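Shown next: target.cif, containing mmCIF, C-alpha atoms and all ligand atoms.
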```cif
data_run
loop_
_atom_site.label_atom_id
_atom_site.label_comp_id
_atom_site.auth_asym_id
_atom_site.auth_seq_id
_atom_site.Cartn_x
_atom_site.Cartn_y
_atom_site.Cartn_z
CA MET A 18 77.66 62.86 91.15
CA ALA A 19 77.50 64.66 94.42
CA THR A 20 78.01 68.36 94.01
CA GLU A 21 80.75 70.13 95.88
CA ASN A 22 79.87 71.83 99.10
CA GLN A 23 78.55 75.12 97.84
CA ASN A 24 79.22 77.11 100.94
CA PRO A 25 80.67 80.27 99.38
CA LYS A 26 83.13 80.58 102.26
CA ARG A 27 84.94 77.53 100.93
CA GLU A 28 85.59 79.31 97.67
CA GLU A 29 87.31 82.16 99.41
CA ASN A 30 90.97 81.52 99.17
CA TYR A 31 91.97 85.08 99.66
CA ALA A 32 95.27 86.25 100.99
CA ILE A 33 93.75 89.66 101.69
CA LYS A 34 90.14 90.62 102.06
CA ALA A 35 89.66 94.31 102.77
CA LEU A 36 86.22 95.72 103.41
CA ASN A 37 85.05 99.32 103.65
CA LEU A 38 88.42 100.97 104.09
CA THR A 39 88.05 104.68 104.66
CA LYS A 40 90.51 107.37 105.70
CA LYS A 41 89.75 111.03 106.16
CA PHE A 42 92.25 113.81 106.75
CA GLU A 43 89.91 116.46 108.14
CA ALA A 44 87.65 117.39 105.22
CA LEU A 45 89.63 115.33 102.70
CA ILE A 46 88.48 111.77 102.06
CA ALA A 47 91.75 110.17 100.97
CA VAL A 48 90.30 106.64 100.84
CA ASP A 49 86.58 106.45 100.29
CA ASN A 50 84.98 103.22 101.49
CA ILE A 51 86.86 100.81 99.24
CA SER A 52 86.72 97.01 99.32
CA PHE A 53 88.86 94.50 97.48
CA ASN A 54 90.16 90.94 97.63
CA ILE A 55 93.50 89.52 96.64
CA SER A 56 93.78 85.81 95.98
CA LYS A 57 96.71 83.73 97.13
CA GLY A 58 99.56 83.95 94.67
CA GLU A 59 98.12 86.88 92.76
CA ILE A 60 99.99 90.07 91.82
CA VAL A 61 97.58 92.94 92.08
CA GLY A 62 98.49 96.47 91.12
CA ILE A 63 96.88 99.59 92.52
CA LEU A 64 97.29 102.05 89.69
CA GLY A 65 96.43 105.68 90.09
CA PRO A 66 97.67 109.23 89.71
CA ASN A 67 99.43 111.08 92.54
CA GLY A 68 97.07 111.71 95.41
CA ALA A 69 94.66 108.93 94.37
CA GLY A 70 94.92 107.30 97.80
CA LYS A 71 97.29 104.41 97.05
CA THR A 72 99.72 104.95 99.92
CA THR A 73 96.90 105.67 102.36
CA THR A 74 95.28 102.36 101.34
CA ILE A 75 98.56 100.57 102.05
CA ARG A 76 98.89 102.31 105.40
CA LEU A 77 95.39 101.18 106.35
CA LEU A 78 96.19 97.68 105.19
CA THR A 79 99.44 97.43 107.11
CA GLY A 80 98.20 98.80 110.41
CA ILE A 81 99.83 102.24 110.26
CA PHE A 82 96.44 103.93 110.18
CA LYS A 83 93.71 102.66 112.46
CA LEU A 84 90.64 101.19 110.85
CA GLU A 85 87.45 103.09 111.48
CA GLY A 86 83.74 102.47 111.13
CA LYS A 87 82.76 99.32 109.25
CA ALA A 88 86.27 98.63 108.01
CA SER A 89 87.73 95.15 108.33
CA ILE A 90 90.75 93.26 107.04
CA GLU A 91 91.17 89.51 106.83
CA ILE A 92 94.51 87.93 106.04
CA PHE A 93 94.20 84.28 105.00
CA ASN A 94 90.62 84.32 106.32
CA GLU A 95 91.68 85.57 109.73
CA ASP A 96 90.64 88.94 111.10
CA ILE A 97 94.00 90.34 112.09
CA THR A 98 92.99 93.88 112.84
CA LYS A 99 92.88 93.18 116.54
CA ASN A 100 96.33 91.66 116.51
CA LEU A 101 98.82 94.06 115.03
CA SER A 102 101.80 91.73 115.38
CA ARG A 103 100.18 89.44 112.80
CA TYR A 104 100.69 92.13 110.19
CA LYS A 105 104.40 91.98 110.79
CA ILE A 106 104.58 88.23 110.29
CA ASN A 107 102.50 88.08 107.13
CA PHE A 108 103.63 91.21 105.38
CA GLY A 109 106.90 92.16 103.78
CA ILE A 110 106.60 95.86 103.18
CA VAL A 111 108.57 98.11 100.88
CA PRO A 112 107.14 101.44 101.99
CA GLU A 113 107.00 104.73 100.09
CA VAL A 114 109.59 106.13 102.50
CA SER A 115 112.34 103.69 103.43
CA ASN A 116 112.63 102.61 107.05
CA ALA A 117 116.29 101.60 106.76
CA PHE A 118 118.63 103.52 109.07
CA SER A 119 120.81 105.72 106.93
CA ASP A 120 123.78 105.71 109.32
CA PHE A 121 123.81 101.91 109.48
CA THR A 122 125.63 99.82 106.92
CA VAL A 123 123.64 97.45 104.73
CA TRP A 124 124.69 94.59 106.96
CA GLN A 125 123.79 96.44 110.19
CA ASN A 126 120.33 97.20 108.84
CA LEU A 127 119.73 93.55 108.00
CA LYS A 128 121.03 92.38 111.38
CA PHE A 129 118.87 94.91 113.17
CA SER A 130 115.72 93.89 111.26
CA GLY A 131 116.43 90.21 111.83
CA GLY A 132 116.77 90.97 115.53
CA VAL A 133 113.35 92.64 115.56
CA TYR A 134 111.88 89.37 114.29
CA GLY A 135 113.77 87.51 116.98
CA PHE A 136 115.73 85.36 114.53
CA PRO A 137 118.94 83.63 115.67
CA LYS A 138 122.16 85.25 114.46
CA GLU A 139 123.14 82.42 112.08
CA LYS A 140 119.73 82.46 110.42
CA ILE A 141 119.86 86.23 109.93
CA GLU A 142 123.33 86.02 108.41
CA LYS A 143 122.50 83.16 106.07
CA ARG A 144 119.24 84.67 104.87
CA SER A 145 120.77 88.16 104.52
CA LYS A 146 123.60 86.89 102.35
CA GLU A 147 121.18 85.01 100.10
CA LEU A 148 119.10 88.15 99.65
CA LEU A 149 122.10 90.39 99.04
CA GLU A 150 123.22 87.97 96.31
CA GLN A 151 119.78 87.88 94.71
CA PHE A 152 119.55 91.65 94.68
CA GLY A 153 123.10 92.26 93.46
CA LEU A 154 124.05 94.07 96.65
CA ILE A 155 126.65 91.79 98.14
CA GLU A 156 129.59 94.10 97.31
CA LYS A 157 127.86 96.85 99.23
CA ILE A 158 127.41 94.82 102.38
CA HIS A 159 129.62 97.15 104.46
CA SER A 160 128.61 100.41 102.79
CA LYS A 161 126.69 102.97 104.79
CA THR A 162 123.08 103.03 103.67
CA LYS A 163 123.20 106.80 103.14
CA ALA A 164 126.02 106.32 100.63
CA LEU A 165 123.94 104.05 98.39
CA SER A 166 122.33 105.30 95.19
CA LYS A 167 118.54 105.36 95.10
CA GLY A 168 118.45 102.12 93.13
CA LEU A 169 120.76 100.31 95.56
CA LYS A 170 118.86 101.65 98.57
CA GLN A 171 115.66 100.26 97.13
CA ARG A 172 117.35 96.88 96.68
CA LEU A 173 118.18 96.99 100.39
CA ASN A 174 114.54 97.84 101.17
CA PHE A 175 113.51 94.70 99.29
CA CYS A 176 116.03 92.62 101.25
CA LEU A 177 114.68 94.05 104.52
CA ALA A 178 111.10 93.31 103.44
CA LEU A 179 111.93 89.73 102.52
CA LEU A 180 114.14 88.83 105.47
CA HIS A 181 111.42 87.09 107.50
CA GLU A 182 110.08 85.22 104.44
CA PRO A 183 106.63 86.81 104.50
CA SER A 184 103.90 85.31 102.36
CA ILE A 185 102.48 88.68 101.28
CA LEU A 186 104.51 91.52 99.81
CA ILE A 187 103.24 95.05 99.87
CA LEU A 188 105.25 97.30 97.58
CA ASP A 189 104.53 101.02 97.42
CA GLU A 190 105.81 102.39 94.10
CA PRO A 191 108.88 100.18 94.34
CA THR A 192 110.39 101.21 91.01
CA SER A 193 109.49 104.88 91.08
CA GLY A 194 112.43 107.11 90.15
CA LEU A 195 114.92 104.24 89.79
CA ASP A 196 117.49 103.76 87.05
CA PRO A 197 116.48 101.30 84.28
CA ILE A 198 118.78 98.52 85.50
CA SER A 199 117.34 98.62 89.00
CA VAL A 200 113.81 98.78 87.57
CA LYS A 201 114.45 95.66 85.49
CA LEU A 202 116.00 93.85 88.44
CA MET A 203 113.05 94.76 90.70
CA ARG A 204 110.48 93.61 88.16
CA ASP A 205 112.33 90.35 87.54
CA ARG A 206 112.59 89.74 91.27
CA ILE A 207 108.88 90.52 91.75
CA LEU A 208 107.95 88.00 89.05
CA GLN A 209 110.28 85.45 90.61
CA LEU A 210 108.64 86.00 94.00
CA LYS A 211 105.25 85.38 92.42
CA LYS A 212 106.59 82.12 90.99
CA GLU A 213 107.64 81.18 94.50
CA GLY A 214 103.99 81.58 95.52
CA LYS A 215 104.02 84.99 97.16
CA THR A 216 100.97 87.20 97.04
CA ILE A 217 101.92 90.69 95.93
CA LEU A 218 100.21 94.03 96.16
CA ILE A 219 102.06 96.77 94.34
CA THR A 220 101.14 100.39 93.82
CA THR A 221 102.35 102.21 90.77
CA HIS A 222 101.53 105.10 88.52
CA ASP A 223 103.40 103.39 85.70
CA MET A 224 100.89 101.77 83.34
CA GLN A 225 103.61 99.77 81.60
CA GLU A 226 104.61 98.25 84.90
CA ALA A 227 101.02 97.38 85.79
CA GLN A 228 100.49 95.91 82.35
CA THR A 229 103.61 93.75 82.37
CA ILE A 230 103.66 92.35 85.88
CA CYS A 231 100.13 92.39 87.31
CA ASP A 232 97.44 89.72 87.07
CA ARG A 233 94.84 92.25 88.04
CA ILE A 234 94.68 96.01 88.30
CA LEU A 235 92.68 98.17 90.64
CA ILE A 236 92.51 101.64 89.18
CA MET A 237 92.18 104.23 91.90
CA ASN A 238 91.17 107.84 91.59
CA ARG A 239 90.09 110.31 94.24
CA GLY A 240 90.02 107.66 96.94
CA LYS A 241 87.85 105.21 95.02
CA ILE A 242 88.44 102.08 92.98
CA ILE A 243 87.06 102.84 89.53
CA ALA A 244 88.10 99.59 87.81
CA ASP A 245 89.07 96.12 89.01
CA GLU A 246 90.08 93.93 86.08
CA SER A 247 92.92 92.12 84.34
CA PRO A 248 95.14 94.33 82.15
CA ASP A 249 93.82 92.51 79.07
CA THR A 250 90.18 92.98 80.02
CA ILE A 251 90.70 96.66 80.64
CA ARG A 252 92.36 97.02 77.24
CA GLU A 253 89.75 94.86 75.56
CA ARG A 254 87.04 97.30 76.59
CA PHE A 255 88.82 99.96 74.57
CA LYS A 256 89.93 97.81 71.68
CA SER A 257 87.99 99.99 69.28
CA THR A 258 90.69 102.58 69.56
CA SER A 259 93.64 100.71 67.99
CA THR A 260 95.65 103.03 65.82
CA ILE A 261 97.01 102.38 62.32
CA ARG A 262 99.95 104.63 61.57
CA PHE A 263 101.84 105.06 58.31
CA LYS A 264 103.75 107.40 56.04
CA ILE A 265 103.10 108.16 52.41
CA SER A 266 105.97 108.51 49.95
CA GLY A 267 105.92 111.64 47.86
CA ILE A 268 103.26 114.34 47.88
CA LEU A 269 99.60 113.50 47.47
CA SER A 270 97.68 115.06 44.61
CA ASN A 271 94.39 116.74 45.45
CA ASP A 272 92.51 113.72 44.12
CA GLN A 273 94.61 111.27 46.14
CA LYS A 274 94.17 113.40 49.27
CA ALA A 275 90.40 113.78 48.82
CA SER A 276 90.01 110.07 48.26
CA LEU A 277 92.02 109.29 51.41
CA MET A 278 89.85 111.65 53.49
CA ASP A 279 86.69 110.07 52.05
CA THR A 280 87.92 106.57 52.79
CA PHE A 281 88.91 107.26 56.40
CA GLU A 282 86.87 109.83 58.23
CA SER A 283 89.00 109.60 61.37
CA ILE A 284 92.32 110.14 59.61
CA LYS A 285 94.74 112.62 61.13
CA LYS A 286 98.19 113.80 60.11
CA ILE A 287 100.83 114.56 62.70
CA LYS A 288 104.13 115.61 61.16
CA GLU A 289 104.83 113.07 58.41
CA TYR A 290 102.65 110.35 59.94
CA TYR A 291 99.04 109.62 59.12
CA SER A 292 96.98 107.86 61.76
CA ILE A 293 93.63 106.15 61.68
CA SER A 294 91.63 105.17 64.77
CA SER A 295 90.39 101.73 63.96
CA TYR A 296 87.43 99.70 65.19
CA ASP A 297 88.28 96.83 62.86
CA VAL A 298 91.98 96.68 62.15
CA LEU A 299 91.91 93.94 59.50
CA LYS A 300 89.17 95.63 57.50
CA ASP A 301 90.86 99.03 57.70
CA ILE A 302 94.25 97.65 56.66
CA SER A 303 92.67 96.00 53.67
CA THR A 304 90.82 99.20 52.75
CA LEU A 305 94.06 101.17 53.08
CA PHE A 306 95.96 98.84 50.77
CA ASN A 307 93.12 98.85 48.26
CA TYR A 308 93.26 102.63 48.30
CA SER A 309 97.04 102.52 47.85
CA LYS A 310 96.69 100.29 44.79
CA ALA A 311 93.75 102.13 43.24
CA LYS A 312 95.26 105.58 43.69
CA ASN A 313 98.86 104.56 43.12
CA VAL A 314 99.97 105.83 46.51
CA GLU A 315 103.02 104.25 48.14
CA ILE A 316 102.63 103.50 51.83
CA SER A 317 105.68 103.11 54.08
CA ASP A 318 106.54 102.76 57.75
CA PHE A 319 103.26 101.02 58.40
CA LYS A 320 102.39 99.96 61.95
CA VAL A 321 99.42 99.07 64.11
CA GLU A 322 99.43 100.19 67.71
CA GLU A 323 97.15 98.43 70.13
CA THR A 324 95.47 100.66 72.63
CA SER A 325 97.92 100.87 75.48
CA LEU A 326 96.79 100.55 79.02
CA GLU A 327 98.08 104.06 79.44
CA GLU A 328 95.46 105.46 77.07
CA VAL A 329 92.75 103.47 78.82
CA PHE A 330 93.97 104.66 82.18
CA ILE A 331 93.95 108.31 81.14
CA HIS A 332 90.51 107.84 79.63
CA LEU A 333 89.09 106.26 82.81
CA ILE A 334 90.63 108.90 85.06
CA LYS A 335 89.29 111.71 82.88
CA GLU A 336 85.85 110.13 82.76
CA ASP A 337 85.80 109.68 86.53
CA SER A 338 87.11 113.16 87.27
CA SER A 339 84.61 114.81 84.96
CA SER A 340 81.70 112.78 86.33
CA MET A 341 82.46 114.16 89.84
CA GLY A 342 81.29 111.03 91.54
CA GLY A 343 79.02 109.76 88.80
CA LEU A 344 80.64 106.35 88.99
CA GLU A 345 79.94 105.96 92.68
CA LYS A 346 78.05 102.87 93.62
N1 LIG A 401 99.21 112.40 106.58
C1 LIG A 401 98.40 113.09 105.75
N2 LIG A 401 97.81 114.23 106.16
C2 LIG A 401 96.98 114.92 105.35
N3 LIG A 401 96.68 114.55 104.08
C3 LIG A 401 97.25 113.43 103.62
C4 LIG A 401 98.15 112.65 104.42
N4 LIG A 401 98.56 111.58 103.68
C5 LIG A 401 97.96 111.71 102.48
N5 LIG A 401 97.18 112.82 102.44
C6 LIG A 401 96.36 113.22 101.30
O1 LIG A 401 95.53 112.13 100.94
C7 LIG A 401 95.43 112.00 99.53
C8 LIG A 401 95.91 110.64 99.10
O2 LIG A 401 97.30 110.57 99.33
P1 LIG A 401 98.16 109.27 99.05
O3 LIG A 401 97.47 108.11 99.63
O4 LIG A 401 99.54 109.55 99.50
O5 LIG A 401 98.08 109.19 97.45
P2 LIG A 401 98.96 108.37 96.42
O6 LIG A 401 99.81 107.41 97.18
O7 LIG A 401 97.98 107.70 95.52
O8 LIG A 401 99.78 109.38 95.67
C9 LIG A 401 96.22 113.14 98.94
O9 LIG A 401 95.34 114.21 98.66
C10 LIG A 401 97.18 113.51 100.06
O10 LIG A 401 97.55 114.86 99.98
MG MG A 402 101.87 107.17 97.23
#
```
Could the structure of this file be written out as structure tokens, please?
Amino acid sequence: MATENQNPKREENYAIKALNLTKKFEALIAVDNISFNISKGEIVGILGPNGAGKTTTIRLLTGIFKLEGKASIEIFNEDITKNLSRYKINFGIVPEVSNAFSDFTVWQNLKFSGGVYGFPKEKIEKRSKELLEQFGLIEKIHSKTKALSKGLKQRLNFCLALLHEPSILILDEPTSGLDPISVKLMRDRILQLKKEGKTILITTHDMQEAQTICDRILIMNRGKIIADESPDTIRERFKSTSTIRFKISGILSNDQKASLMDTFESIKKIKEYYSISSYDVLKDISTLFNYSKAKNVEISDFKVEETSLEEVFIHLIKEDSSSMGGLEK
């Protein structure tokens, strides 16, 4: 059979292709020559501590900061850096700092934004109402934006970002500091938007969020990308550190204690819980229950905790920070 055309360009079905992004603020290199791709329909998270360079990356990507040097950005295989209006059409942006007018009502903000895109009045009204319904904001339609709670304001920011039906959403810490109900609503909406085929780039410092909604995670620290993998792959690399946690009923005799320490070198006790770092969970569980039987020790409250992405994240950040650039390419 004839092989497919192997021109690598054909394989590139990227929504975003960013090359050599760099941003300096005087002596500080906030974004340090990073490159990444985002495929169509993917949700990619940029995860990093405060000051890592996430917002600066977004500002470079969305045309707020000028590209310098060798930097380039392609959106759907088109170099749009010379045509700033193309950003506006492709991107729906929920920025770190809202650009809604606080003295406007919810409705006035939507009408104003729709006007900026040049939409006819009926279209703006229809689309705005749909969005307000989806985001549970319809009762607030005539409320002043400044009177909205943080969670409701963020819902409005989503509506404003989605008004022109952009194919790419850029969300800068969209759930940061929100109440749990708004967080849940935002995450559900983000997953729904992915289902509808949107490409989504989201920054967060919340590992749980990255783990639950992202297909891929770029971990950023000190302006660099130090990992670019799926949440599962990142966790897999650190699987060795699953933790077995349990309690023991009653007080251990010296013999029972000594035997436990001999059996599990890594065992630790924090308050009433014992914990074992495990490289092989099944084997260690079996050893633990053999010990329990042989030494007549009753085990309770037993649980196995998989390495969370949070632990991996902290580990990677520590490793990178202590290497002082040792991971640089
Ligand atoms: N406008 C600016 N002027 C000077 N320094 C800035 C500016 N914006 C960001 N920085 C610095 O750049 C670094 C990265 O910031 P930022 O991209 O906001 O990080 P993040 O969004 O990951 O918290 C930080 O050290 C921050 O203080
Ligand atoms: Mg930020």
Worksheet item: If you count all atoms listed in the file, which residues fall within 10 Å of range 82-97 of chain A, apart from same-chain ones fewer than 4 positions away, as a count of residues only?
Response: 35
Using only C-alpha atoms and all ligand atoms, find each residue with an atom at most 9 Å away from ligand LIG 401 (chain A) and format the answer as a short mmCIF file (atom, residue, chain, number, x, y, z; two decimals) with C-alpha atoms, in the frame of the given file.
```
data_model
loop_
_atom_site.label_atom_id
_atom_site.label_comp_id
_atom_site.auth_asym_id
_atom_site.auth_seq_id
_atom_site.Cartn_x
_atom_site.Cartn_y
_atom_site.Cartn_z
CA LYS A 40 90.51 107.37 105.70
CA LYS A 41 89.75 111.03 106.16
CA PHE A 42 92.25 113.81 106.75
CA GLU A 43 89.91 116.46 108.14
CA LEU A 45 89.63 115.33 102.70
CA ILE A 46 88.48 111.77 102.06
CA ALA A 47 91.75 110.17 100.97
CA VAL A 48 90.30 106.64 100.84
CA ILE A 63 96.88 99.59 92.52
CA LEU A 64 97.29 102.05 89.69
CA GLY A 65 96.43 105.68 90.09
CA PRO A 66 97.67 109.23 89.71
CA ASN A 67 99.43 111.08 92.54
CA GLY A 68 97.07 111.71 95.41
CA ALA A 69 94.66 108.93 94.37
CA GLY A 70 94.92 107.30 97.80
CA LYS A 71 97.29 104.41 97.05
CA THR A 72 99.72 104.95 99.92
CA THR A 73 96.90 105.67 102.36
CA THR A 74 95.28 102.36 101.34
CA ILE A 75 98.56 100.57 102.05
CA ARG A 76 98.89 102.31 105.40
CA GLU A 113 107.00 104.73 100.09
CA ASP A 189 104.53 101.02 97.42
CA GLU A 190 105.81 102.39 94.10
CA THR A 220 101.14 100.39 93.82
CA THR A 221 102.35 102.21 90.77
CA HIS A 222 101.53 105.10 88.52
CA MET A 237 92.18 104.23 91.90
CA ASN A 238 91.17 107.84 91.59
CA ARG A 239 90.09 110.31 94.24
CA GLY A 240 90.02 107.66 96.94
#
```
Practice prompt. Please provide the set of residues having any atom within 10 Å of range 307-309 of chain A, restricted to all atoms listed in the file, with same-chain residues fewer than 6 positions apart removed, written as an MDAnalysis selection string.
Written response: chainID A and resid 265 273 276:277 280 301 315:316
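For the pair CA of Ile261 in chain A and CA of Ser292 in chain A, the separation is 5.5 Å.
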Worksheet entry | Close residues, Phe319 in chain A itself excluded, 8 Å, all atoms listed in the file, min 4 positions apart in chain, as a VMD selection string | chain A and resid 261 to 264
Please produce range 105-125 of chain A, completed to N, CA and C atoms, as a CSV table (one decimal), in the coordinates of the input.
```
chain,number,residue,atom,x,y,z
A,105,LYS,N,102.9,92.0,110.9
A,105,LYS,CA,104.4,92.0,110.8
A,105,LYS,C,104.8,90.6,110.2
A,106,ILE,N,104.2,89.6,110.7
A,106,ILE,CA,104.6,88.2,110.3
A,106,ILE,C,104.2,88.0,108.8
A,107,ASN,N,103.0,88.4,108.5
A,107,ASN,CA,102.5,88.1,107.1
A,107,ASN,C,103.1,89.0,106.0
A,108,PHE,N,103.3,90.2,106.4
A,108,PHE,CA,103.6,91.2,105.4
A,108,PHE,C,105.1,91.5,105.3
A,109,GLY,N,105.6,91.6,104.1
A,109,GLY,CA,106.9,92.2,103.8
A,109,GLY,C,106.6,93.5,103.1
A,110,ILE,N,107.0,94.6,103.7
A,110,ILE,CA,106.6,95.9,103.2
A,110,ILE,C,107.8,96.7,102.6
A,111,VAL,N,107.6,97.1,101.4
A,111,VAL,CA,108.6,98.1,100.9
A,111,VAL,C,107.8,99.4,100.8
A,112,PRO,N,108.0,100.3,101.9
A,112,PRO,CA,107.1,101.4,102.0
A,112,PRO,C,107.6,102.6,101.0
A,113,GLU,N,106.7,103.6,101.0
A,113,GLU,CA,107.0,104.7,100.1
A,113,GLU,C,108.3,105.4,100.6
A,114,VAL,N,108.4,105.5,101.9
A,114,VAL,CA,109.6,106.1,102.5
A,114,VAL,C,110.3,105.0,103.3
A,115,SER,N,111.6,104.8,102.9
A,115,SER,CA,112.3,103.7,103.4
A,115,SER,C,112.4,103.8,105.0
A,116,ASN,N,112.4,102.6,105.6
A,116,ASN,CA,112.6,102.6,107.0
A,116,ASN,C,114.0,102.1,107.4
A,117,ALA,N,114.9,102.0,106.4
A,117,ALA,CA,116.3,101.6,106.8
A,117,ALA,C,117.0,102.8,107.5
A,118,PHE,N,117.9,102.5,108.4
A,118,PHE,CA,118.6,103.5,109.1
A,118,PHE,C,119.8,104.0,108.2
A,119,SER,N,119.8,105.3,107.9
A,119,SER,CA,120.8,105.7,106.9
A,119,SER,C,122.2,105.7,107.5
A,120,ASP,N,122.4,105.8,108.8
A,120,ASP,CA,123.8,105.7,109.3
A,120,ASP,C,124.3,104.3,109.5
A,121,PHE,N,123.4,103.3,109.4
A,121,PHE,CA,123.8,101.9,109.5
A,121,PHE,C,124.4,101.5,108.1
A,122,THR,N,125.2,100.5,108.2
A,122,THR,CA,125.6,99.8,106.9
A,122,THR,C,124.5,98.9,106.5
A,123,VAL,N,124.6,98.4,105.3
A,123,VAL,CA,123.6,97.4,104.7
A,123,VAL,C,123.5,96.3,105.7
A,124,TRP,N,124.6,95.8,106.1
A,124,TRP,CA,124.7,94.6,107.0
A,124,TRP,C,124.1,94.9,108.3
A,125,GLN,N,124.4,96.1,108.9
A,125,GLN,CA,123.8,96.4,110.2
A,125,GLN,C,122.3,96.6,110.1
```
